[in-house]
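Peer 1: data-v7.txt is reproduced below (compact mmCIF, C-alpha atoms (C1' of nucleotides)).
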```txt
# COMPACT_ATOMS: atom_id res chain seq x y z
CA MET W 1 73.84 107.04 102.54
CA ARG W 2 76.18 109.87 101.61
CA ASN W 3 76.38 110.94 105.22
CA ASN W 4 77.22 108.13 107.62
CA VAL W 5 76.89 110.32 110.71
CA ASP W 6 74.21 108.16 112.29
CA VAL W 7 75.74 104.84 111.25
CA ASN W 8 77.09 102.67 114.04
CA ALA W 9 80.70 101.78 113.26
CA GLU W 10 80.50 98.40 114.97
CA ASP W 11 77.48 97.28 112.94
CA TYR W 12 79.03 98.78 109.85
CA LEU W 13 82.23 96.76 110.20
CA ILE W 14 80.35 93.53 110.95
CA SER W 15 78.10 94.05 107.95
CA HIS W 16 81.25 94.27 105.84
CA GLY W 17 82.74 91.11 107.30
CA VAL W 18 85.27 92.85 109.53
CA LYS W 19 85.55 91.80 113.15
CA PRO W 20 85.51 94.97 115.27
CA SER W 21 88.38 95.91 117.55
CA VAL W 22 89.34 99.06 119.41
CA GLN W 23 91.74 100.08 116.67
CA ARG W 24 89.46 99.23 113.77
CA LEU W 25 86.53 101.06 115.32
CA ALA W 26 88.67 104.12 115.98
CA ILE W 27 89.88 104.20 112.37
CA MET W 28 86.40 103.60 110.98
CA ASN W 29 84.91 106.30 113.19
CA TYR W 30 87.69 108.65 112.19
CA LEU W 31 86.78 108.20 108.54
CA PHE W 32 83.10 108.65 109.32
CA SER W 33 83.70 111.93 111.11
CA HIS W 34 86.47 113.33 108.88
CA LYS W 35 85.43 113.89 105.30
CA THR W 36 88.87 115.22 104.43
CA HIS W 37 90.13 112.04 102.71
CA PRO W 38 93.03 111.70 105.13
CA THR W 39 96.28 109.86 104.55
CA ALA W 40 97.29 106.87 106.68
CA ASP W 41 99.76 109.09 108.48
CA GLU W 42 97.17 111.75 109.27
CA ILE W 43 94.89 109.10 110.75
CA TYR W 44 97.75 107.69 112.79
CA MET W 45 98.80 111.12 114.07
CA SER W 46 95.28 111.96 115.16
CA LEU W 47 94.42 108.64 116.82
CA HIS W 48 97.80 108.26 118.46
CA SER W 49 96.76 110.60 121.29
CA GLU W 50 93.65 108.63 122.26
CA ILE W 51 95.14 105.17 121.63
CA VAL W 52 98.69 105.60 122.87
CA THR W 53 99.79 102.09 121.92
CA LEU W 54 98.57 102.42 118.33
CA SER W 55 101.08 101.40 115.70
CA LYS W 56 101.41 102.86 112.25
CA THR W 57 101.52 99.35 110.83
CA THR W 58 98.10 98.69 112.33
CA VAL W 59 96.73 101.76 110.61
CA TYR W 60 98.09 100.58 107.27
CA ASN W 61 96.91 97.01 107.83
CA THR W 62 93.45 98.10 108.90
CA LEU W 63 92.99 100.52 106.03
CA LYS W 64 94.03 97.80 103.60
CA LEU W 65 91.62 95.34 105.18
CA LEU W 66 88.73 97.79 105.21
CA ALA W 67 89.34 98.68 101.57
CA GLU W 68 89.48 95.01 100.56
CA LYS W 69 86.22 94.35 102.36
CA GLY W 70 84.63 97.29 100.60
CA ALA W 71 84.01 99.24 103.79
CA ILE W 72 86.10 102.22 102.69
CA LEU W 73 87.67 103.59 99.51
CA ALA W 74 91.41 103.77 98.89
CA LEU W 75 91.81 106.74 96.59
CA GLY W 76 94.54 107.17 94.00
CA VAL W 77 93.95 110.86 93.29
CA ASP W 78 97.05 112.07 95.11
CA ASP W 79 100.05 110.41 93.54
CA LYS W 80 102.16 111.01 96.61
CA ASN W 81 99.94 109.48 99.29
CA MET W 82 97.03 107.11 99.40
CA ARG W 83 93.88 108.86 100.58
CA PHE W 84 91.00 107.14 102.34
CA ASP W 85 87.27 107.75 102.24
CA GLY W 86 84.60 106.37 104.57
CA ASP W 87 81.93 107.27 102.07
CA ILE W 88 81.62 104.39 99.63
CA SER W 89 78.76 105.82 97.63
CA ALA W 90 79.56 106.42 93.96
CA HIS W 91 81.23 109.80 93.54
CA ALA W 92 84.28 111.38 91.94
CA HIS W 93 87.24 113.13 93.57
CA PHE W 94 89.09 116.34 92.87
CA PHE W 95 92.65 116.84 94.08
CA CYS W 96 93.94 120.40 94.35
CA THR W 97 97.57 120.41 93.33
CA LYS W 98 98.05 123.69 95.19
CA CYS W 99 96.74 122.97 98.69
CA GLY W 100 96.56 119.17 98.49
CA ARG W 101 92.95 118.97 99.59
CA VAL W 102 90.64 116.35 98.12
CA TYR W 103 87.06 117.28 97.36
CA ASP W 104 84.04 115.11 96.63
CA PHE W 105 81.97 115.85 93.59
CA GLY W 106 80.19 114.25 90.67
CA PHE W 107 77.81 112.02 92.58
CA GLU W 108 75.39 112.05 89.68
CA ILE W 109 78.11 111.49 87.10
CA MET W 110 79.63 108.47 88.82
CA ALA W 111 76.21 106.92 89.32
CA LYS W 112 75.66 107.35 85.61
CA ILE W 113 79.03 105.86 84.71
CA ASN W 114 78.55 102.84 86.92
CA SER W 115 75.13 102.23 85.44
CA LEU W 116 76.54 102.22 81.92
CA ALA W 117 76.74 98.65 80.71
CA SER W 118 79.62 99.48 78.38
CA VAL W 119 82.00 100.01 81.27
CA SER W 120 81.91 96.36 82.25
CA ALA W 121 81.15 94.96 78.83
CA GLU W 122 84.72 94.64 77.59
CA GLY W 123 85.40 91.31 79.27
CA TYR W 124 87.08 92.76 82.35
CA ARG W 125 85.78 92.09 85.83
CA ILE W 126 85.85 95.57 87.32
CA ASP W 127 86.18 95.62 91.11
CA ASP W 128 86.94 99.29 91.53
CA SER W 129 86.16 102.34 89.44
CA GLN W 130 87.40 105.82 90.23
CA LEU W 131 87.06 109.16 88.49
CA ASN W 132 90.05 111.19 89.63
CA CYS W 133 90.49 114.83 88.71
CA LYS W 134 93.32 117.27 89.38
CA GLY W 135 93.62 121.01 89.18
CA ILE W 136 93.18 124.15 91.25
CA CYS W 137 90.30 124.43 93.71
CA SER W 138 88.11 127.51 93.89
CA GLU W 139 89.65 128.70 97.15
CA CYS W 140 93.21 128.48 95.86
CA ALA W 141 92.17 130.18 92.63
CA ARG W 142 90.66 133.04 94.63
CA LEU W 143 93.75 133.42 96.84
CA GLU W 144 95.90 133.45 93.74
CA ALA W 145 93.77 136.12 92.11
CA GLU W 146 93.83 138.32 95.24
CA SER W 147 97.60 138.27 95.61
CA GLU W 148 98.07 139.66 92.12
CA MET H 1 94.20 110.55 66.62
CA ARG H 2 94.00 107.38 68.69
CA ASN H 3 96.89 105.89 66.81
CA ASN H 4 99.94 108.11 66.61
CA VAL H 5 101.87 105.71 64.38
CA ASP H 6 102.31 108.20 61.59
CA VAL H 7 102.94 111.19 63.83
CA ASN H 8 106.42 112.63 63.73
CA ALA H 9 107.81 112.75 67.25
CA GLU H 10 109.89 115.86 66.59
CA ASP H 11 106.94 117.89 65.32
CA TYR H 12 104.81 116.46 68.10
CA LEU H 13 107.19 117.64 70.83
CA ILE H 14 107.57 121.09 69.28
CA SER H 15 103.81 121.46 68.97
CA HIS H 16 103.62 120.78 72.70
CA GLY H 17 106.28 123.32 73.57
CA VAL H 18 109.03 120.80 74.23
CA LYS H 19 112.44 121.31 72.65
CA PRO H 20 113.46 118.01 71.06
CA SER H 21 116.61 116.17 72.09
CA VAL H 22 117.92 112.69 71.45
CA GLN H 23 116.62 111.46 74.81
CA ARG H 24 113.25 113.18 74.58
CA LEU H 25 112.66 111.89 71.09
CA ALA H 26 113.59 108.37 72.10
CA ILE H 27 111.19 108.44 75.04
CA MET H 28 108.39 109.98 72.99
CA ASN H 29 108.88 107.45 70.21
CA TYR H 30 108.92 104.65 72.74
CA LEU H 31 105.53 105.74 74.02
CA PHE H 32 104.21 106.06 70.48
CA SER H 33 105.26 102.52 69.59
CA HIS H 34 104.49 100.82 72.90
CA LYS H 35 100.86 100.95 73.91
CA THR H 36 101.59 98.99 77.08
CA HIS H 37 101.49 101.97 79.46
CA PRO H 38 105.06 101.34 80.61
CA THR H 39 106.65 102.44 83.86
CA ALA H 40 109.61 104.83 83.93
CA ASP H 41 111.87 101.90 84.71
CA GLU H 42 110.60 99.83 81.78
CA ILE H 43 111.28 102.74 79.45
CA TYR H 44 114.74 103.20 80.89
CA MET H 45 115.56 99.49 80.63
CA SER H 46 114.48 99.37 77.01
CA LEU H 47 116.17 102.56 75.83
CA HIS H 48 119.35 101.95 77.78
CA SER H 49 120.62 99.58 75.09
CA GLU H 50 120.31 102.09 72.25
CA ILE H 51 121.33 105.15 74.26
CA VAL H 52 124.06 103.80 76.49
CA THR H 53 124.61 107.04 78.35
CA LEU H 54 120.93 107.43 79.26
CA SER H 55 120.27 108.16 82.88
CA LYS H 56 117.22 107.08 84.84
CA THR H 57 116.88 110.63 86.17
CA THR H 58 116.55 111.88 82.62
CA VAL H 59 113.74 109.43 81.99
CA TYR H 60 111.89 110.65 85.08
CA ASN H 61 112.57 114.31 84.28
CA THR H 62 111.48 113.91 80.68
CA LEU H 63 108.29 112.03 81.53
CA LYS H 64 107.42 114.71 84.06
CA LEU H 65 108.08 117.46 81.52
CA LEU H 66 106.08 115.75 78.79
CA ALA H 67 103.15 115.18 81.15
CA GLU H 68 103.21 118.82 82.29
CA LYS H 69 103.21 120.00 78.70
CA GLY H 70 100.28 117.73 77.93
CA ALA H 71 102.18 115.61 75.45
CA ILE H 72 101.66 112.37 77.39
CA LEU H 73 99.49 111.08 80.23
CA ALA H 74 100.83 110.14 83.66
CA LEU H 75 98.44 107.45 84.84
CA GLY H 76 97.58 106.73 88.46
CA VAL H 77 95.86 103.37 87.89
CA ASP H 78 98.67 101.28 89.30
CA ASP H 79 99.26 102.39 92.87
CA LYS H 80 102.76 100.95 92.87
CA ASN H 81 104.23 102.62 89.77
CA MET H 82 103.36 105.56 87.62
CA ARG H 83 102.34 104.45 84.13
CA PHE H 84 102.75 106.55 81.01
CA ASP H 85 100.64 106.82 77.89
CA GLY H 86 101.52 108.49 74.61
CA ASP H 87 97.88 108.52 73.61
CA ILE H 88 96.35 111.68 75.03
CA SER H 89 92.91 111.19 73.54
CA ALA H 90 90.12 110.87 76.10
CA HIS H 91 89.87 107.28 77.30
CA ALA H 92 89.71 105.24 80.49
CA HIS H 93 92.18 102.69 81.86
CA PHE H 94 91.82 99.26 83.35
CA PHE H 95 94.51 97.82 85.61
CA CYS H 96 94.58 94.06 86.08
CA THR H 97 95.56 93.35 89.66
CA LYS H 98 96.62 89.84 88.63
CA CYS H 99 99.03 90.42 85.74
CA GLY H 100 99.61 94.15 86.19
CA ARG H 101 98.78 95.01 82.61
CA VAL H 102 96.97 98.26 81.82
CA TYR H 103 94.30 98.26 79.12
CA ASP H 104 92.65 101.14 77.29
CA PHE H 105 88.91 101.27 77.11
CA GLY H 106 85.94 103.55 77.43
CA PHE H 107 86.82 106.01 74.67
CA GLU H 108 83.16 106.89 74.22
CA ILE H 109 82.52 107.13 77.95
CA MET H 110 85.40 109.49 78.66
CA ALA H 111 84.44 111.68 75.75
CA LYS H 112 80.96 111.85 77.22
CA ILE H 113 82.25 112.63 80.70
CA ASN H 114 84.51 115.40 79.47
CA SER H 115 81.66 116.92 77.49
CA LEU H 116 79.44 117.04 80.58
CA ALA H 117 79.38 120.59 81.84
CA SER H 118 78.73 119.46 85.41
CA VAL H 119 82.20 118.04 85.74
CA SER H 120 83.81 121.44 85.56
CA ALA H 121 80.92 123.44 86.96
CA GLU H 122 81.72 123.10 90.63
CA GLY H 123 84.24 125.94 90.73
CA TYR H 124 87.32 123.81 90.26
CA ARG H 125 89.71 124.31 87.40
CA ILE H 126 90.20 120.74 86.22
CA ASP H 127 93.51 120.15 84.45
CA ASP H 128 93.42 116.39 84.40
CA SER H 129 90.60 113.87 84.51
CA GLN H 130 91.12 110.12 84.69
CA LEU H 131 88.74 107.20 84.94
CA ASN H 132 90.75 104.41 86.56
CA CYS H 133 89.38 100.91 86.96
CA LYS H 134 90.82 97.85 88.65
CA GLY H 135 89.97 94.18 88.53
CA ILE H 136 90.77 90.98 86.64
CA CYS H 137 91.30 91.08 82.89
CA SER H 138 89.65 88.57 80.60
CA GLU H 139 92.88 86.66 79.96
CA CYS H 140 93.64 86.23 83.66
CA ALA H 141 90.05 85.21 84.31
CA ARG H 142 90.32 82.55 81.61
CA LEU H 143 93.62 81.20 82.93
CA GLU H 144 92.13 81.08 86.41
CA ALA H 145 89.07 79.18 85.16
CA GLU H 146 91.22 76.66 83.26
CA SER H 147 93.45 75.79 86.21
CA GLU H 148 90.47 74.80 88.33
C1' DA U 1 135.65 131.19 70.14
C1' DT U 2 133.71 132.49 74.80
C1' DT U 3 130.16 132.94 77.58
C1' DA U 4 125.72 131.84 78.89
C1' DA U 5 121.76 128.81 79.01
C1' DA U 6 119.73 124.48 78.88
C1' DT U 7 120.01 119.57 79.30
C1' DT U 8 121.77 115.35 80.98
C1' DT U 9 123.96 112.50 84.30
C1' DG U 10 125.12 109.92 88.74
C1' DT U 11 124.83 109.64 93.43
C1' DA U 12 122.61 110.25 97.56
C1' DA U 13 118.56 110.90 99.94
C1' DT U 14 113.49 110.71 100.88
C1' DC U 15 109.49 108.67 102.35
C1' DA U 16 105.24 106.07 101.77
C1' DC U 17 104.48 101.58 102.37
C1' DT U 18 105.41 96.56 103.47
C1' DA U 19 107.66 92.18 105.53
C1' DC U 20 108.31 89.84 109.30
C1' DA U 21 108.39 87.96 113.74
C1' DA U 22 107.57 88.79 118.53
C1' DA U 23 104.14 90.31 121.88
C1' DA U 24 99.53 90.92 123.26
C1' DT U 25 94.84 89.98 122.93
C1' DT U 26 90.80 87.31 121.91
C1' DT U 27 88.56 82.98 121.02
C1' DT U 28 88.00 78.04 121.48
C1' DC U 29 88.06 73.77 123.77
C1' DT U 30 88.07 70.58 127.63
C1' DA I 1 88.42 78.48 134.97
C1' DG I 2 92.60 77.38 132.53
C1' DA I 3 95.39 75.83 128.63
C1' DA I 4 95.98 75.95 123.72
C1' DA I 5 94.97 77.88 119.29
C1' DA I 6 93.83 81.63 116.48
C1' DT I 7 93.70 86.35 115.64
C1' DT I 8 95.27 90.96 116.07
C1' DT I 9 98.58 94.35 117.17
C1' DT I 10 103.10 96.16 117.49
C1' DG I 11 107.98 97.69 116.39
C1' DT I 12 111.78 97.38 113.65
C1' DA I 13 114.00 96.86 109.60
C1' DG I 14 113.67 96.92 104.92
C1' DT I 15 112.10 98.01 100.02
C1' DG I 16 111.69 100.47 96.03
C1' DA I 17 109.81 104.19 93.31
C1' DT I 18 110.72 108.86 92.93
C1' DT I 19 113.25 113.21 93.75
C1' DA I 20 117.19 116.60 95.14
C1' DC I 21 121.23 118.27 93.92
C1' DA I 22 125.40 119.53 91.88
C1' DA I 23 128.79 118.34 88.49
C1' DA I 24 129.38 117.42 83.64
C1' DT I 25 127.98 117.74 79.07
C1' DT I 26 125.65 119.65 75.24
C1' DT I 27 123.43 123.41 72.78
C1' DA I 28 122.59 128.29 71.79
C1' DA I 29 123.98 133.19 71.72
C1' DT I 30 127.06 137.07 71.38
```
I need this file expressed as structure tokens, please.
Peer 2:
Amino acid sequence: MRNNVDVNAEDYLISHGVKPSVQRLAIMNYLFSHKTHPTADEIYMSLHSEIVTLSKTTVYNTLKLLAEKGAILALGVDDKNMRFDGDISAHAHFFCTKCGRVYDFGFEIMAKINSLASVSAEGYRIDDSQLNCKGICSECARLEAESE
Amino acid sequence: MRNNVDVNAEDYLISHGVKPSVQRLAIMNYLFSHKTHPTADEIYMSLHSEIVTLSKTTVYNTLKLLAEKGAILALGVDDKNMRFDGDISAHAHFFCTKCGRVYDFGFEIMAKINSLASVSAEGYRIDDSQLNCKGICSECARLEAESE
DNA sequence: ATTAAATTTGTAATCACTACAAAATTTTCT
DNA sequence: AGAAAATTTTGTAGTGATTACAAATTTAAT
């Protein structure tokens, strides 16, 4: 399930209670094919060329809807922009404060966390659980080391 | 260490490499005595009465400085406002989407996560690690149940 | 005391995101 | 099919948290 390459976006939306439309399918497919955790603006910029009439408001509305329906993840790792992820399987995220890229990791760890009864045992009804990490990614660390 | 009631703010700042000042001490003490994970604006509003000359920019600057120095936590649980925490011990946060309150929990879980080698083993240099949860808190759930 | 360095302050700007209402599209009903 | 209702999309205008910046103030150094 980690790789939704062969998942049909139309069926996927329907199965999450979202009525498909040209715009919604385009956004969903974008998230399926771009594992970069894009911002709303990046999605808009990219889809704008193929759907000329697309509005930025629609992108925001759709992303909000998809997140509410549990079809995508709205990530809070980057405190400047919201980032979106078409992969809803349990995993953690790493935000590089140097290059701004968001990486997936910790699939095992998040599965373990979510399986822990104690997380939900404190009387709260948890709808969303995210493990967000920040720091310097390996590539940026290497570039930094080289330039010295 | 979970309760910094008896910690001297001046010593605390110095030990974190922050030169104390009237404003910095006031903000640090506010976070020590208010476990509500306040926003920058809430801190400003509250301290404004005792330090009349206080500027909102100073509050933002100070919070940023303290977070960079590791003296406080800048929380990304609430995607509208940044929340701040004077308790830097490893623990998770729960944001109630109904009332907006932020609760501490998962002290054991976060300690476990941070001790797991796999978290830092993927080549990234992790500086900050947060487990952020969202949902409905027990009080809001009770109020909702009563009104029905 | 003077000069330099660090800190604070206020205003103006930024920019991600949302509100809102009109326009366009899709669905429903007869 | 055709009209009416419901849904979706669009564009503009706004909001509000955060930052940029430069002047003013405070603190430290010579």
Peer 1: Within 9 Å of chain I, which residues belong to chain W? Use all atoms listed in the file and report them as a list in words.
Peer 2: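 Interface list for chain W against chain I: Ser21, Gln23, Thr53, Leu54, Ser55, Lys56, Thr57 and Thr58 of chain W.
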Peer 1: Quick check: residues of chain H within 10 Å of chain W, only C-alpha atoms, returned as number ranges by chain.
Peer 2: H: 74-82, 92-97, 103, 105-106, 108-110, 112-113, 116, 118-141
Peer 1: Could you dump the residues just selected with C-alpha atoms as a JSON list (two decimals), in the frame of the given file?
Peer 2:
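What follows is the written file selection.json:
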```
[["chain", "number", "residue", "atom", "x", "y", "z"],
["H", 74, "ALA", "CA", 100.83, 110.14, 83.66],
["H", 75, "LEU", "CA", 98.44, 107.45, 84.84],
["H", 76, "GLY", "CA", 97.58, 106.73, 88.46],
["H", 77, "VAL", "CA", 95.86, 103.37, 87.89],
["H", 78, "ASP", "CA", 98.67, 101.28, 89.30],
["H", 79, "ASP", "CA", 99.26, 102.39, 92.87],
["H", 80, "LYS", "CA", 102.76, 100.95, 92.87],
["H", 81, "ASN", "CA", 104.23, 102.62, 89.77],
["H", 82, "MET", "CA", 103.36, 105.56, 87.62],
["H", 92, "ALA", "CA", 89.71, 105.24, 80.49],
["H", 93, "HIS", "CA", 92.18, 102.69, 81.86],
["H", 94, "PHE", "CA", 91.82, 99.26, 83.35],
["H", 95, "PHE", "CA", 94.51, 97.82, 85.61],
["H", 96, "CYS", "CA", 94.58, 94.06, 86.08],
["H", 97, "THR", "CA", 95.56, 93.35, 89.66],
["H", 103, "TYR", "CA", 94.30, 98.26, 79.12],
["H", 105, "PHE", "CA", 88.91, 101.27, 77.11],
["H", 106, "GLY", "CA", 85.94, 103.55, 77.43],
["H", 108, "GLU", "CA", 83.16, 106.89, 74.22],
["H", 109, "ILE", "CA", 82.52, 107.13, 77.95],
["H", 110, "MET", "CA", 85.40, 109.49, 78.66],
["H", 112, "LYS", "CA", 80.96, 111.85, 77.22],
["H", 113, "ILE", "CA", 82.25, 112.63, 80.70],
["H", 116, "LEU", "CA", 79.44, 117.04, 80.58],
["H", 118, "SER", "CA", 78.73, 119.46, 85.41],
["H", 119, "VAL", "CA", 82.20, 118.04, 85.74],
["H", 120, "SER", "CA", 83.81, 121.44, 85.56],
["H", 121, "ALA", "CA", 80.92, 123.44, 86.96],
["H", 122, "GLU", "CA", 81.72, 123.10, 90.63],
["H", 123, "GLY", "CA", 84.24, 125.94, 90.73],
["H", 124, "TYR", "CA", 87.32, 123.81, 90.26],
["H", 125, "ARG", "CA", 89.71, 124.31, 87.40],
["H", 126, "ILE", "CA", 90.20, 120.74, 86.22],
["H", 127, "ASP", "CA", 93.51, 120.15, 84.45],
["H", 128, "ASP", "CA", 93.42, 116.39, 84.40],
["H", 129, "SER", "CA", 90.60, 113.87, 84.51],
["H", 130, "GLN", "CA", 91.12, 110.12, 84.69],
["H", 131, "LEU", "CA", 88.74, 107.20, 84.94],
["H", 132, "ASN", "CA", 90.75, 104.41, 86.56],
["H", 133, "CYS", "CA", 89.38, 100.91, 86.96],
["H", 134, "LYS", "CA", 90.82, 97.85, 88.65],
["H", 135, "GLY", "CA", 89.97, 94.18, 88.53],
["H", 136, "ILE", "CA", 90.77, 90.98, 86.64],
["H", 137, "CYS", "CA", 91.30, 91.08, 82.89],
["H", 138, "SER", "CA", 89.65, 88.57, 80.60],
["H", 139, "GLU", "CA", 92.88, 86.66, 79.96],
["H", 140, "CYS", "CA", 93.64, 86.23, 83.66],
["H", 141, "ALA", "CA", 90.05, 85.21, 84.31]]
```
Peer 1: Counting only C-alpha atoms (C1' of nucleotides), which of H:Leu73, H:Ala67, H:Ala9, H:Val52 gets nearest to chain U?
Peer 2: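 Comparing H:Leu73, H:Ala67, H:Ala9, H:Val52 against chain U, the winner is H:Val52.
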Peer 1: Considering all atoms listed in the file, extract the chain U residues located within 12 Å of chain W and return them as a VMD selection string.
Peer 2: chain U and resid 15 to 20 24 to 26
Peer 1: Applying 9 Å and only C-alpha atoms (C1' of nucleotides), which residues near W:Leu31 remain after dropping the ones on its own chain fewer than 2 positions away? List them as JSON, numbers by chain.
Peer 2: {"W": [26, 27, 28, 29, 33, 34, 35, 36, 37, 38, 43, 72, 84, 85, 86, 87]}
Peer 1: Could you state the separation of atom CA of W:Arg101 and atom CA of W:Glu42 in Å, given to one decimal place?
Peer 2: 12.8 Å
Peer 1: Atom CA of W:Ser15 to atom CA of W:Phe32: how many Å, to one decimal?
Peer 2: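 We find that atom CA of W:Ser15 and atom CA of W:Phe32 lie 15.5 Å from each other.
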Peer 1: What separation in Å, quoted to one decimal, exists between atom CA of W:Gly70 and atom CA of W:Lys19?
Peer 2: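 About the pair atom CA of W:Gly70 and atom CA of W:Lys19: they are 13.7 Å apart.
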